[in-house]
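Shown next: data.txt, containing compact mmCIF, N, CA and C atoms.
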```txt
# COMPACT_ATOMS: atom_id res chain seq x y z
N MET A 457 0.84 -1.18 0.00
CA MET A 457 0.00 0.00 0.00
C MET A 457 0.89 1.24 0.00
N GLY A 458 0.37 2.32 -0.56
CA GLY A 458 1.18 3.51 -0.70
C GLY A 458 0.52 4.73 -0.10
N LYS A 459 1.27 5.81 -0.13
CA LYS A 459 0.82 7.08 0.43
C LYS A 459 -0.17 7.79 -0.50
N TYR A 460 0.01 7.62 -1.81
CA TYR A 460 -0.83 8.29 -2.81
C TYR A 460 -1.69 7.26 -3.52
N TYR A 461 -2.81 7.72 -4.11
CA TYR A 461 -3.69 6.79 -4.81
C TYR A 461 -4.41 7.46 -5.98
N VAL A 462 -4.82 6.63 -6.93
CA VAL A 462 -5.66 7.04 -8.06
C VAL A 462 -7.00 6.37 -7.85
N TYR A 463 -8.08 7.11 -8.05
CA TYR A 463 -9.40 6.54 -7.88
C TYR A 463 -10.29 6.85 -9.08
N ARG A 464 -11.37 6.07 -9.19
CA ARG A 464 -12.32 6.22 -10.29
C ARG A 464 -13.73 6.28 -9.70
N HIS A 465 -14.54 7.20 -10.19
CA HIS A 465 -15.96 7.25 -9.84
C HIS A 465 -16.73 6.69 -11.03
N ILE A 466 -17.63 5.75 -10.73
CA ILE A 466 -18.43 5.10 -11.76
C ILE A 466 -19.91 5.34 -11.47
N ARG A 467 -20.65 5.73 -12.47
CA ARG A 467 -22.09 5.92 -12.30
C ARG A 467 -22.79 4.57 -12.41
N LEU A 468 -23.69 4.30 -11.48
CA LEU A 468 -24.37 3.01 -11.48
C LEU A 468 -25.48 2.91 -12.53
N ASP A 469 -26.04 4.03 -12.97
CA ASP A 469 -27.11 3.96 -13.97
C ASP A 469 -26.60 3.51 -15.33
N THR A 470 -25.36 3.82 -15.66
CA THR A 470 -24.80 3.44 -16.97
C THR A 470 -23.60 2.50 -16.85
N GLY A 471 -23.01 2.43 -15.67
CA GLY A 471 -21.81 1.61 -15.49
C GLY A 471 -20.55 2.27 -16.03
N GLU A 472 -20.64 3.54 -16.43
CA GLU A 472 -19.50 4.24 -17.02
C GLU A 472 -18.69 5.01 -15.98
N PRO A 473 -17.37 5.00 -16.12
CA PRO A 473 -16.55 5.89 -15.30
C PRO A 473 -16.85 7.34 -15.71
N PHE A 474 -16.95 8.23 -14.72
CA PHE A 474 -17.19 9.63 -15.06
C PHE A 474 -16.19 10.58 -14.42
N TYR A 475 -15.30 10.05 -13.58
CA TYR A 475 -14.29 10.91 -12.97
C TYR A 475 -13.09 10.07 -12.54
N ILE A 476 -11.90 10.60 -12.78
CA ILE A 476 -10.66 10.00 -12.32
C ILE A 476 -9.97 11.05 -11.45
N GLY A 477 -9.47 10.64 -10.29
CA GLY A 477 -8.81 11.59 -9.41
C GLY A 477 -7.65 10.95 -8.66
N ILE A 478 -6.90 11.80 -7.98
CA ILE A 478 -5.80 11.34 -7.14
C ILE A 478 -5.98 11.90 -5.74
N GLY A 479 -5.41 11.23 -4.78
CA GLY A 479 -5.48 11.69 -3.40
C GLY A 479 -4.26 11.24 -2.63
N GLU A 480 -4.15 11.76 -1.43
CA GLU A 480 -3.06 11.41 -0.53
C GLU A 480 -3.67 10.93 0.77
N LYS A 481 -3.22 9.77 1.21
CA LYS A 481 -3.73 9.22 2.46
C LYS A 481 -3.27 10.09 3.62
N LYS A 482 -4.08 10.17 4.63
CA LYS A 482 -3.74 10.89 5.84
C LYS A 482 -2.74 10.06 6.64
N LYS A 483 -1.95 10.72 7.46
CA LYS A 483 -0.91 10.03 8.23
C LYS A 483 -1.48 9.16 9.34
N GLU A 484 -2.64 9.55 9.85
CA GLU A 484 -3.25 8.79 10.93
C GLU A 484 -3.80 7.47 10.41
N LYS A 485 -3.82 6.48 11.25
CA LYS A 485 -4.43 5.20 10.90
C LYS A 485 -5.93 5.30 11.14
N TYR A 486 -6.70 4.87 10.18
CA TYR A 486 -8.15 4.94 10.28
C TYR A 486 -8.74 3.55 10.40
N GLN A 487 -9.85 3.47 11.10
CA GLN A 487 -10.57 2.22 11.23
C GLN A 487 -11.46 1.99 10.01
N LYS A 488 -11.89 3.08 9.39
CA LYS A 488 -12.81 2.97 8.26
C LYS A 488 -12.07 3.21 6.96
N PHE A 489 -12.35 2.37 5.98
CA PHE A 489 -11.74 2.46 4.66
C PHE A 489 -11.97 3.83 4.03
N LYS A 490 -13.21 4.35 4.12
CA LYS A 490 -13.55 5.63 3.50
C LYS A 490 -12.74 6.78 4.10
N SER A 491 -12.42 6.70 5.38
CA SER A 491 -11.65 7.77 6.01
C SER A 491 -10.22 7.80 5.52
N GLU A 492 -9.68 6.65 5.18
CA GLU A 492 -8.31 6.57 4.68
C GLU A 492 -8.19 7.21 3.30
N TYR A 493 -9.24 7.09 2.51
CA TYR A 493 -9.26 7.61 1.14
C TYR A 493 -10.20 8.82 1.07
N THR A 494 -9.92 9.81 1.87
CA THR A 494 -10.80 10.96 2.04
C THR A 494 -11.20 11.62 0.72
N ARG A 495 -10.23 11.92 -0.13
CA ARG A 495 -10.54 12.65 -1.37
C ARG A 495 -11.47 11.83 -2.27
N ALA A 496 -11.26 10.55 -2.35
CA ALA A 496 -12.09 9.71 -3.21
C ALA A 496 -13.54 9.69 -2.75
N TYR A 497 -13.74 9.83 -1.45
CA TYR A 497 -15.09 9.76 -0.87
C TYR A 497 -15.63 11.13 -0.46
N THR A 498 -15.07 12.20 -1.01
CA THR A 498 -15.58 13.54 -0.77
C THR A 498 -16.65 13.84 -1.82
N PHE A 499 -17.87 14.03 -1.35
CA PHE A 499 -18.99 14.23 -2.27
C PHE A 499 -19.67 15.59 -2.09
N TYR A 500 -19.02 16.53 -1.42
CA TYR A 500 -19.60 17.85 -1.20
C TYR A 500 -19.60 18.65 -2.50
N LYS A 501 -20.67 19.36 -2.73
CA LYS A 501 -20.82 20.16 -3.94
C LYS A 501 -19.68 21.16 -4.09
N SER A 502 -19.25 21.75 -2.98
CA SER A 502 -18.21 22.77 -3.03
C SER A 502 -16.83 22.19 -3.37
N ASP A 503 -16.66 20.87 -3.26
CA ASP A 503 -15.36 20.25 -3.52
C ASP A 503 -15.26 19.62 -4.90
N ARG A 504 -16.30 19.72 -5.71
CA ARG A 504 -16.32 19.09 -7.03
C ARG A 504 -16.85 20.07 -8.06
N ASN A 505 -16.58 19.80 -9.35
CA ASN A 505 -17.10 20.71 -10.36
C ASN A 505 -18.59 20.44 -10.61
N LYS A 506 -19.25 21.38 -11.26
CA LYS A 506 -20.70 21.30 -11.43
C LYS A 506 -21.12 20.10 -12.28
N TYR A 507 -20.28 19.69 -13.21
CA TYR A 507 -20.61 18.54 -14.06
C TYR A 507 -20.56 17.24 -13.25
N TRP A 508 -19.59 17.15 -12.35
CA TRP A 508 -19.49 16.00 -11.45
C TRP A 508 -20.74 15.95 -10.57
N TYR A 509 -21.07 17.10 -9.99
CA TYR A 509 -22.20 17.13 -9.06
C TYR A 509 -23.53 16.83 -9.77
N ASN A 510 -23.67 17.25 -11.02
CA ASN A 510 -24.88 16.94 -11.79
C ASN A 510 -25.09 15.43 -11.88
N ILE A 511 -24.03 14.70 -12.14
CA ILE A 511 -24.13 13.24 -12.23
C ILE A 511 -24.41 12.65 -10.85
N TYR A 512 -23.66 13.09 -9.85
CA TYR A 512 -23.82 12.57 -8.49
C TYR A 512 -25.24 12.79 -7.95
N SER A 513 -25.84 13.90 -8.33
CA SER A 513 -27.19 14.20 -7.82
C SER A 513 -28.28 13.37 -8.51
N LYS A 514 -27.94 12.69 -9.62
CA LYS A 514 -28.93 11.93 -10.37
C LYS A 514 -28.82 10.41 -10.19
N THR A 515 -27.68 9.92 -9.76
CA THR A 515 -27.48 8.48 -9.69
C THR A 515 -26.53 8.11 -8.56
N ASP A 516 -26.59 6.88 -8.14
CA ASP A 516 -25.62 6.38 -7.18
C ASP A 516 -24.30 6.16 -7.90
N ILE A 517 -23.21 6.20 -7.13
CA ILE A 517 -21.90 5.99 -7.72
C ILE A 517 -21.12 4.96 -6.92
N VAL A 518 -20.12 4.39 -7.57
CA VAL A 518 -19.19 3.47 -6.94
C VAL A 518 -17.82 4.12 -7.00
N VAL A 519 -17.06 3.98 -5.93
CA VAL A 519 -15.68 4.47 -5.89
C VAL A 519 -14.75 3.27 -5.95
N GLU A 520 -13.79 3.32 -6.85
CA GLU A 520 -12.78 2.27 -6.94
C GLU A 520 -11.40 2.88 -6.79
N ILE A 521 -10.60 2.30 -5.92
CA ILE A 521 -9.20 2.69 -5.79
C ILE A 521 -8.43 1.86 -6.80
N LEU A 522 -7.77 2.51 -7.76
CA LEU A 522 -7.13 1.81 -8.87
C LEU A 522 -5.67 1.48 -8.59
N TYR A 523 -4.93 2.42 -8.04
CA TYR A 523 -3.50 2.24 -7.76
C TYR A 523 -3.15 2.95 -6.47
N GLU A 524 -2.15 2.42 -5.79
CA GLU A 524 -1.56 3.07 -4.63
C GLU A 524 -0.05 2.99 -4.78
N SER A 525 0.64 4.03 -4.33
CA SER A 525 2.09 4.05 -4.42
C SER A 525 2.64 5.14 -3.50
N ASP A 526 3.88 4.96 -3.07
CA ASP A 526 4.58 6.01 -2.34
C ASP A 526 5.19 7.02 -3.30
N ASN A 527 5.16 6.72 -4.59
CA ASN A 527 5.72 7.58 -5.61
C ASN A 527 4.62 8.46 -6.20
N GLY A 528 4.60 9.72 -5.78
CA GLY A 528 3.58 10.66 -6.24
C GLY A 528 3.61 10.90 -7.74
N THR A 529 4.79 10.92 -8.33
CA THR A 529 4.92 11.12 -9.77
C THR A 529 4.27 9.98 -10.54
N PHE A 530 4.48 8.75 -10.07
CA PHE A 530 3.86 7.58 -10.68
C PHE A 530 2.33 7.70 -10.65
N ILE A 531 1.79 8.11 -9.51
CA ILE A 531 0.34 8.26 -9.36
C ILE A 531 -0.19 9.33 -10.31
N GLU A 532 0.52 10.45 -10.43
CA GLU A 532 0.10 11.50 -11.36
C GLU A 532 0.09 10.99 -12.80
N LEU A 533 1.09 10.19 -13.16
CA LEU A 533 1.15 9.62 -14.51
C LEU A 533 -0.01 8.66 -14.74
N LYS A 534 -0.34 7.87 -13.73
CA LYS A 534 -1.47 6.94 -13.85
C LYS A 534 -2.79 7.70 -14.01
N GLU A 535 -2.94 8.80 -13.27
CA GLU A 535 -4.15 9.61 -13.42
C GLU A 535 -4.27 10.11 -14.86
N LYS A 536 -3.18 10.65 -15.39
CA LYS A 536 -3.19 11.14 -16.78
C LYS A 536 -3.53 10.01 -17.75
N GLU A 537 -2.96 8.84 -17.50
CA GLU A 537 -3.20 7.68 -18.36
C GLU A 537 -4.68 7.30 -18.39
N PHE A 538 -5.31 7.26 -17.22
CA PHE A 538 -6.73 6.89 -17.15
C PHE A 538 -7.62 7.98 -17.75
N ILE A 539 -7.28 9.24 -17.55
CA ILE A 539 -8.07 10.32 -18.14
C ILE A 539 -7.99 10.24 -19.67
N LYS A 540 -6.82 9.95 -20.17
CA LYS A 540 -6.66 9.80 -21.62
C LYS A 540 -7.42 8.57 -22.12
N LEU A 541 -7.38 7.48 -21.37
CA LEU A 541 -8.06 6.24 -21.75
C LEU A 541 -9.57 6.44 -21.88
N TYR A 542 -10.19 7.06 -20.88
CA TYR A 542 -11.64 7.24 -20.88
C TYR A 542 -12.08 8.49 -21.63
N GLY A 543 -11.23 9.48 -21.72
CA GLY A 543 -11.52 10.70 -22.45
C GLY A 543 -12.38 11.70 -21.69
N ARG A 544 -12.08 12.97 -21.92
CA ARG A 544 -12.81 14.05 -21.28
C ARG A 544 -14.04 14.43 -22.10
N ARG A 545 -15.15 14.62 -21.40
CA ARG A 545 -16.40 15.00 -22.04
C ARG A 545 -16.31 16.41 -22.62
N ASP A 546 -15.66 17.35 -21.90
CA ASP A 546 -15.60 18.73 -22.38
C ASP A 546 -14.81 18.87 -23.69
N LEU A 547 -13.98 17.89 -24.00
CA LEU A 547 -13.23 17.89 -25.25
C LEU A 547 -13.91 17.02 -26.31
N GLY A 548 -15.04 16.41 -25.94
CA GLY A 548 -15.76 15.53 -26.86
C GLY A 548 -15.06 14.20 -27.09
N LEU A 549 -14.25 13.78 -26.12
CA LEU A 549 -13.45 12.58 -26.31
C LEU A 549 -13.86 11.38 -25.44
N GLY A 550 -14.84 11.58 -24.55
CA GLY A 550 -15.21 10.47 -23.69
C GLY A 550 -16.24 10.82 -22.65
N THR A 551 -16.22 10.06 -21.54
CA THR A 551 -17.27 10.15 -20.53
C THR A 551 -16.88 10.92 -19.27
N LEU A 552 -15.61 11.29 -19.13
CA LEU A 552 -15.15 11.91 -17.89
C LEU A 552 -15.51 13.40 -17.80
N VAL A 553 -15.85 13.82 -16.60
CA VAL A 553 -16.13 15.24 -16.36
C VAL A 553 -14.90 15.95 -15.77
N ASN A 554 -13.75 15.32 -15.81
CA ASN A 554 -12.51 15.98 -15.41
C ASN A 554 -12.32 17.21 -16.29
N MET A 555 -11.83 18.29 -15.69
CA MET A 555 -11.66 19.53 -16.43
C MET A 555 -10.22 19.77 -16.86
N THR A 556 -9.32 18.85 -16.49
CA THR A 556 -7.92 18.93 -16.89
C THR A 556 -7.45 17.56 -17.33
N ASP A 557 -6.23 17.49 -17.85
CA ASP A 557 -5.66 16.22 -18.28
C ASP A 557 -5.05 15.43 -17.14
N GLY A 558 -5.07 15.99 -15.92
CA GLY A 558 -4.58 15.27 -14.75
C GLY A 558 -3.17 15.67 -14.36
N GLY A 559 -2.68 15.04 -13.27
CA GLY A 559 -1.37 15.38 -12.75
C GLY A 559 -1.43 16.72 -12.02
N LYS A 560 -0.28 17.28 -11.78
CA LYS A 560 -0.24 18.59 -11.13
C LYS A 560 -0.57 19.68 -12.14
N GLY A 561 -1.20 20.71 -11.67
CA GLY A 561 -1.49 21.83 -12.55
C GLY A 561 -2.80 21.69 -13.26
N VAL A 562 -2.99 22.52 -14.26
CA VAL A 562 -4.25 22.55 -14.99
C VAL A 562 -4.00 22.41 -16.49
N TRP A 563 -3.27 21.40 -16.88
CA TRP A 563 -2.94 21.19 -18.28
C TRP A 563 -4.20 20.95 -19.09
N ASN A 564 -4.32 21.71 -20.19
CA ASN A 564 -5.40 21.56 -21.16
C ASN A 564 -6.78 21.84 -20.56
N LYS A 565 -6.84 22.75 -19.61
CA LYS A 565 -8.13 23.14 -19.05
C LYS A 565 -8.80 24.14 -19.99
N ILE A 566 -10.06 23.92 -20.24
CA ILE A 566 -10.83 24.85 -21.07
C ILE A 566 -11.41 25.92 -20.17
N THR A 567 -11.11 27.17 -20.48
CA THR A 567 -11.62 28.29 -19.70
C THR A 567 -12.57 29.09 -20.59
N THR A 568 -13.78 29.28 -20.11
CA THR A 568 -14.77 30.02 -20.90
C THR A 568 -14.40 31.50 -20.94
N SER A 569 -14.94 32.20 -21.90
CA SER A 569 -14.66 33.64 -22.01
C SER A 569 -15.22 34.38 -20.79
N GLU A 570 -16.33 33.88 -20.25
CA GLU A 570 -16.92 34.49 -19.06
C GLU A 570 -15.95 34.36 -17.87
N THR A 571 -15.36 33.19 -17.70
CA THR A 571 -14.40 32.98 -16.62
C THR A 571 -13.16 33.84 -16.82
N LYS A 572 -12.69 33.94 -18.06
CA LYS A 572 -11.52 34.78 -18.36
C LYS A 572 -11.79 36.23 -17.99
N GLN A 573 -13.00 36.73 -18.28
CA GLN A 573 -13.37 38.11 -17.94
C GLN A 573 -13.38 38.31 -16.43
N LYS A 574 -13.92 37.33 -15.69
CA LYS A 574 -13.94 37.42 -14.23
C LYS A 574 -12.53 37.44 -13.67
N MET A 575 -11.66 36.60 -14.23
CA MET A 575 -10.28 36.54 -13.76
C MET A 575 -9.56 37.86 -14.05
N LYS A 576 -9.81 38.40 -15.22
CA LYS A 576 -9.19 39.67 -15.61
C LYS A 576 -9.66 40.80 -14.69
N LYS A 577 -10.95 40.81 -14.40
CA LYS A 577 -11.55 41.84 -13.54
C LYS A 577 -10.96 41.79 -12.11
N ASN A 578 -10.73 40.58 -11.62
CA ASN A 578 -10.22 40.41 -10.25
C ASN A 578 -8.71 40.40 -10.15
N SER A 579 -8.04 40.52 -11.26
CA SER A 579 -6.57 40.49 -11.26
C SER A 579 -6.00 41.76 -10.64
N PRO A 580 -4.93 41.62 -9.81
CA PRO A 580 -4.31 42.81 -9.23
C PRO A 580 -3.59 43.64 -10.29
N ARG A 581 -3.24 43.00 -11.42
CA ARG A 581 -2.59 43.72 -12.54
C ARG A 581 -3.67 44.14 -13.51
N LYS A 582 -3.97 45.42 -13.57
CA LYS A 582 -5.03 45.90 -14.49
C LYS A 582 -4.46 46.81 -15.52
```
Conversion result in structure tokens:
Amino acid sequence: MGKYYVYRHIRLDTGEPFYIGIGEKKKEKYQKFKSEYTRAYTFYKSDRNKYWYNIYSKTDIVVEILYESDNGTFIELKEKEFIKLYGRRDLGLGTLVNMTDGGKGVWNKITTSETKQKMKKNSPRK
């Protein structure tokens, strides 16, 4: 078992994966499996994008832990690999509601013109 993990959310109504994510286990030992994999089992609206929450609000989901490793770079690469395998919905390539290609950062994130305007308006550099 490792410190980092890759997880998959699957919708039960279609059986399709709709989200791939990564998380880091907490240092404390937990009695409950869900507590050890906190990020994978976080279902709060404020912690997920609106497309994820739309699916979650309509159907039950299953969480699967796909990989665990002490090597964070390996886990990030696995996340990218699974996102590429299933494809992002926003790019018209698959079923995932992930908004980036995975790993650290926001590679290949689509930003709407409305969001760009908000960011520009709130920027300290005007």
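For region 528-534 of chain A, the set of protein, DNA and RNA residues having any atom at most 6 Å away, when counting all atoms listed in the file and skipping those fewer than 3 positions along the same chain, is Tyr461, Val462, Ser525, Glu537, Phe538, Ile539, Gly558, Gly559 and Lys560 of chain A.
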Q: Looking only at strand (DSSP E) from DSSP on the backbone, list the matching residues of region 462-528 of chain A as a count of residues only.
A: 23
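Pairwise distance (CA of Tyr542 (chain A), CA of Lys459 (chain A)) equals 24.7 Å.
Put simply, atom C of Tyr523 (chain A) is 26.4 Å away from CA of Asn510 (chain A).
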Protein, DNA and RNA residues within 8 Å of (0.7, 4.6, 3.1), all atoms listed in the file, as an mmCIF file with N, CA and C atoms, keeping the file's coordinate frame:
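Saved to out-v9.cif:
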```
data_model
loop_
_atom_site.group_PDB
_atom_site.id
_atom_site.type_symbol
_atom_site.label_atom_id
_atom_site.label_comp_id
_atom_site.auth_asym_id
_atom_site.auth_seq_id
_atom_site.Cartn_x
_atom_site.Cartn_y
_atom_site.Cartn_z
ATOM 1 N N MET A 457 0.840 -1.180 0.000
ATOM 2 C CA MET A 457 0.000 0.000 0.000
ATOM 3 C C MET A 457 0.890 1.240 0.000
ATOM 4 N N GLY A 458 0.370 2.320 -0.560
ATOM 5 C CA GLY A 458 1.180 3.510 -0.700
ATOM 6 C C GLY A 458 0.520 4.730 -0.100
ATOM 7 N N LYS A 459 1.270 5.810 -0.130
ATOM 8 C CA LYS A 459 0.820 7.080 0.430
ATOM 9 C C LYS A 459 -0.170 7.790 -0.500
ATOM 10 N N TYR A 460 0.010 7.620 -1.810
ATOM 11 C CA TYR A 460 -0.830 8.290 -2.810
ATOM 12 C C TYR A 460 -1.690 7.260 -3.520
ATOM 13 N N LYS A 481 -3.220 9.770 1.210
ATOM 14 C CA LYS A 481 -3.730 9.220 2.460
ATOM 15 C C LYS A 481 -3.270 10.090 3.620
ATOM 16 N N LYS A 482 -4.080 10.170 4.630
ATOM 17 C CA LYS A 482 -3.740 10.890 5.840
ATOM 18 C C LYS A 482 -2.740 10.060 6.640
ATOM 19 N N LYS A 483 -1.950 10.720 7.460
ATOM 20 C CA LYS A 483 -0.910 10.030 8.230
ATOM 21 C C LYS A 483 -1.480 9.160 9.340
ATOM 22 N N SER A 525 0.640 4.030 -4.330
ATOM 23 C CA SER A 525 2.090 4.050 -4.420
ATOM 24 C C SER A 525 2.640 5.140 -3.500
ATOM 25 N N ASP A 526 3.880 4.960 -3.070
ATOM 26 C CA ASP A 526 4.580 6.010 -2.340
ATOM 27 C C ASP A 526 5.190 7.020 -3.300
#
```
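Nearest residue to Thr494 (chain A), choosing from A:Lys536, A:Tyr475, A:Asn527, A:Ile521 and counting only C-alpha atoms: A:Ile521.
Shortest separation to Glu492 (chain A) among A:Met555, A:Arg504, A:Gly479, A:Val518 occurs at residue A:Gly479, atoms counted being only C-alpha atoms.
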What are the centre and the three edge lengths of an axis-aligned box that wraps all atoms of region 531-543 of chain A in the file, given that 5 Å is added to every side, written as lines of an AutoDock Vina configuration file and rounded to one decimal in Å?
```
center_x = -5.3
center_y = 9.0
center_z = -15.9
size_x = 24.2
size_y = 15.5
size_z = 23.1
```
Q | Gap from atom N of Gly543 (chain A) to atom N of Thr515 (chain A) - Å, one decimal | A | 20.3 Å
